[in-house]
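File shown here: start35.txt, holding compact mmCIF, C-alpha atoms and all ligand atoms.
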# COMPACT_ATOMS: atom_id res chain seq x y z
CA MET A 1 1.59 -46.86 45.94
CA ALA A 2 4.19 -44.84 44.10
CA PRO A 3 7.78 -45.84 44.70
CA PHE A 4 9.98 -43.64 46.87
CA ALA A 5 12.26 -42.83 43.97
CA VAL A 6 13.90 -44.38 40.94
CA CYS A 7 17.54 -45.29 40.68
CA SER A 8 19.48 -42.50 39.00
CA MET A 9 21.43 -45.04 37.00
CA CYS A 10 19.18 -47.94 35.99
CA ARG A 11 15.73 -46.37 36.67
CA LYS A 12 14.69 -49.26 38.84
CA PRO A 13 12.12 -48.15 41.41
CA ILE A 14 13.30 -47.80 45.00
CA GLN A 15 10.47 -48.79 47.31
CA LEU A 16 9.70 -47.26 50.66
CA GLY A 17 11.45 -49.13 53.43
CA SER A 18 14.11 -50.56 51.17
CA LYS A 19 17.76 -49.62 51.19
CA TYR A 20 19.29 -47.27 48.70
CA TRP A 21 22.68 -45.64 48.32
CA ARG A 22 23.54 -42.03 47.81
CA CYS A 23 26.76 -40.36 46.81
CA SER A 24 28.81 -38.66 49.54
CA VAL A 25 29.68 -35.74 47.26
CA SER A 26 27.61 -32.69 48.18
CA THR A 27 26.87 -31.64 44.61
CA CYS A 28 25.16 -34.99 44.06
CA ASN A 29 22.80 -34.29 46.97
CA SER A 30 21.88 -30.68 46.38
CA GLY A 31 19.79 -28.90 43.82
CA ARG A 32 16.75 -30.22 42.04
CA ILE A 33 18.09 -33.64 41.25
CA LYS A 34 19.19 -35.78 44.14
CA LEU A 35 21.01 -38.85 43.02
CA MET A 36 19.87 -42.15 44.47
CA PHE A 37 21.06 -45.60 43.56
CA CYS A 38 19.40 -48.98 44.04
CA SER A 39 22.72 -50.74 44.59
CA VAL A 40 26.38 -50.05 45.15
CA SER A 41 27.10 -51.21 41.61
CA CYS A 42 24.81 -48.49 40.23
CA TRP A 43 26.64 -45.93 42.37
CA ASP A 44 29.88 -47.35 41.07
CA ALA A 45 28.68 -46.77 37.50
CA HIS A 46 28.03 -43.13 38.42
CA LEU A 47 31.65 -42.45 39.40
CA PRO A 48 33.23 -42.28 35.92
CA THR A 49 30.49 -39.92 34.74
CA ALA A 50 30.85 -37.63 37.76
CA ARG A 51 34.66 -37.60 37.95
CA HIS A 52 34.81 -37.50 41.72
CA ARG A 53 38.16 -37.46 43.46
CA ASN A 54 36.94 -38.75 46.78
CA ALA A 55 33.53 -40.29 46.99
CA SER A 56 31.85 -43.01 48.91
CA ALA A 57 28.43 -44.60 48.85
CA ILE A 58 26.24 -43.88 51.85
CA GLU A 59 23.64 -46.47 52.72
CA GLU A 60 20.21 -45.10 53.52
CA VAL A 61 16.73 -46.46 54.07
CA ALA A 62 13.95 -44.98 51.96
CA GLN A 63 11.55 -43.32 54.37
CA ALA A 64 8.48 -41.26 53.69
CA GLN A 65 9.11 -37.57 53.88
CA PRO A 66 6.66 -35.70 56.10
CA PRO A 67 4.60 -33.25 54.03
CA LYS A 68 5.88 -29.72 54.25
ZN ZN B 1 28.36 -38.38 42.95
ZN ZN B 2 20.10 -49.07 39.92

For this file, write the structure as structure tokens.
Ligand SMILES: [Zn+2]
Ligand SMILES: [Zn+2]
Amino acid sequence: MAPFAVCSMCRKPIQLGSKYWRCSVSTCNSGRIKLMFCSVSCWDAHLPTARHRNASAIEEVAQAQPPK
């Protein structure tokens, strides 16, 4: 089975049912590329590249999206 996603930082696969972290900043969650991180440390590595003023990591569980 294909993984849910890959980490935007280290490219590690994020499996369905496992936890991942996303960025609280809206521009990181909109558009074609939605950033997802396998760990808080990968999200942390994203901060200097994104230059956020206020950002936090939001914990999520990878769940299958219903087909549209
Ligand atoms: Zn971000
Ligand atoms: Zn990662």

Nearby polymer residues, ligand ZN 2 (chain B), at most 6 Å, all atoms listed in the file, as a list of chain:residue names: A:Cys7, A:Met9, A:Cys10, A:Lys12, A:Phe37, A:Cys38, A:Ser39, A:Cys42

Using only C-alpha atoms and all ligand atoms, which protein or nucleic acid residues are at most 12 Å from ligand ZN 1 (chain B), as a PyMOL selection string? chain A and resi 8-9+21-30+33-37+42-58

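Across the model, the gap from CA of Ser41 in chain A to CA of Gln65 in chain A is 25.7 Å.
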
Enter the distance from CA of Gly31 in chain A to CA of Ile14 in chain A, in Å, rounded to one decimal. 20.0 Å

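Computed from the coordinates, the CA of Arg11 in chain A to CA of Pro67 in chain A distance equals 24.4 Å.
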
I want to know what sits within 9 Å of Val61 in chain A, based on all atoms listed in the file, with residues of the same chain fewer than 5 positions away left out; could you give that as a list in words? Leu16, Gly17, Ser18, Lys19, Tyr20 and Trp21 of chain A

Taking every listed atom of range 8-24 of chain A and adding 3 Å to each side, what centre and edge lengths in Å (one decimal) does the axis-aligned box have, as AutoDock Vina command-line options?
--center_x 19.3 --center_y -44.6 --center_z 44.7 --size_x 25.1 --size_y 17.9 --size_z 23.4

Could range 47-60 of chain A be completed with N, CA and C atoms and returned as a short mmCIF file (atom, residue, chain, number, x, y, z; two decimals), keeping the file's coordinate frame?
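To be explicit, this is the file written out as selection12.cif:
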data_model
loop_
_atom_site.label_atom_id
_atom_site.label_comp_id
_atom_site.auth_asym_id
_atom_site.auth_seq_id
_atom_site.Cartn_x
_atom_site.Cartn_y
_atom_site.Cartn_z
N LEU A 47 30.35 -43.09 39.15
CA LEU A 47 31.65 -42.45 39.40
C LEU A 47 32.36 -41.96 38.15
N PRO A 48 32.51 -42.78 37.11
CA PRO A 48 33.23 -42.28 35.92
C PRO A 48 32.53 -41.11 35.25
N THR A 49 31.19 -41.03 35.36
CA THR A 49 30.49 -39.92 34.74
C THR A 49 30.61 -38.66 35.58
N ALA A 50 30.81 -38.80 36.87
CA ALA A 50 30.85 -37.63 37.76
C ALA A 50 32.27 -37.15 38.02
N ARG A 51 33.26 -37.96 37.75
CA ARG A 51 34.66 -37.60 37.95
C ARG A 51 34.96 -37.13 39.36
N HIS A 52 34.51 -37.85 40.34
CA HIS A 52 34.81 -37.50 41.72
C HIS A 52 36.23 -37.90 42.07
N ARG A 53 36.85 -37.08 42.93
CA ARG A 53 38.16 -37.46 43.46
C ARG A 53 37.99 -38.39 44.65
N ASN A 54 37.19 -37.95 45.59
CA ASN A 54 36.94 -38.75 46.78
C ASN A 54 35.44 -38.88 46.95
N ALA A 55 34.97 -40.09 46.83
CA ALA A 55 33.53 -40.29 46.99
C ALA A 55 33.31 -41.64 47.64
N SER A 56 32.24 -41.72 48.37
CA SER A 56 31.85 -43.01 48.91
C SER A 56 30.33 -43.13 48.82
N ALA A 57 29.86 -44.35 48.89
CA ALA A 57 28.43 -44.60 48.85
C ALA A 57 27.91 -44.63 50.27
N ILE A 58 26.84 -43.92 50.53
CA ILE A 58 26.24 -43.88 51.85
C ILE A 58 24.93 -44.65 51.80
N GLU A 59 24.84 -45.64 52.69
CA GLU A 59 23.64 -46.47 52.72
C GLU A 59 22.54 -45.74 53.47
N GLU A 60 21.37 -45.74 52.90
CA GLU A 60 20.21 -45.10 53.52
C GLU A 60 19.02 -46.02 53.41
#
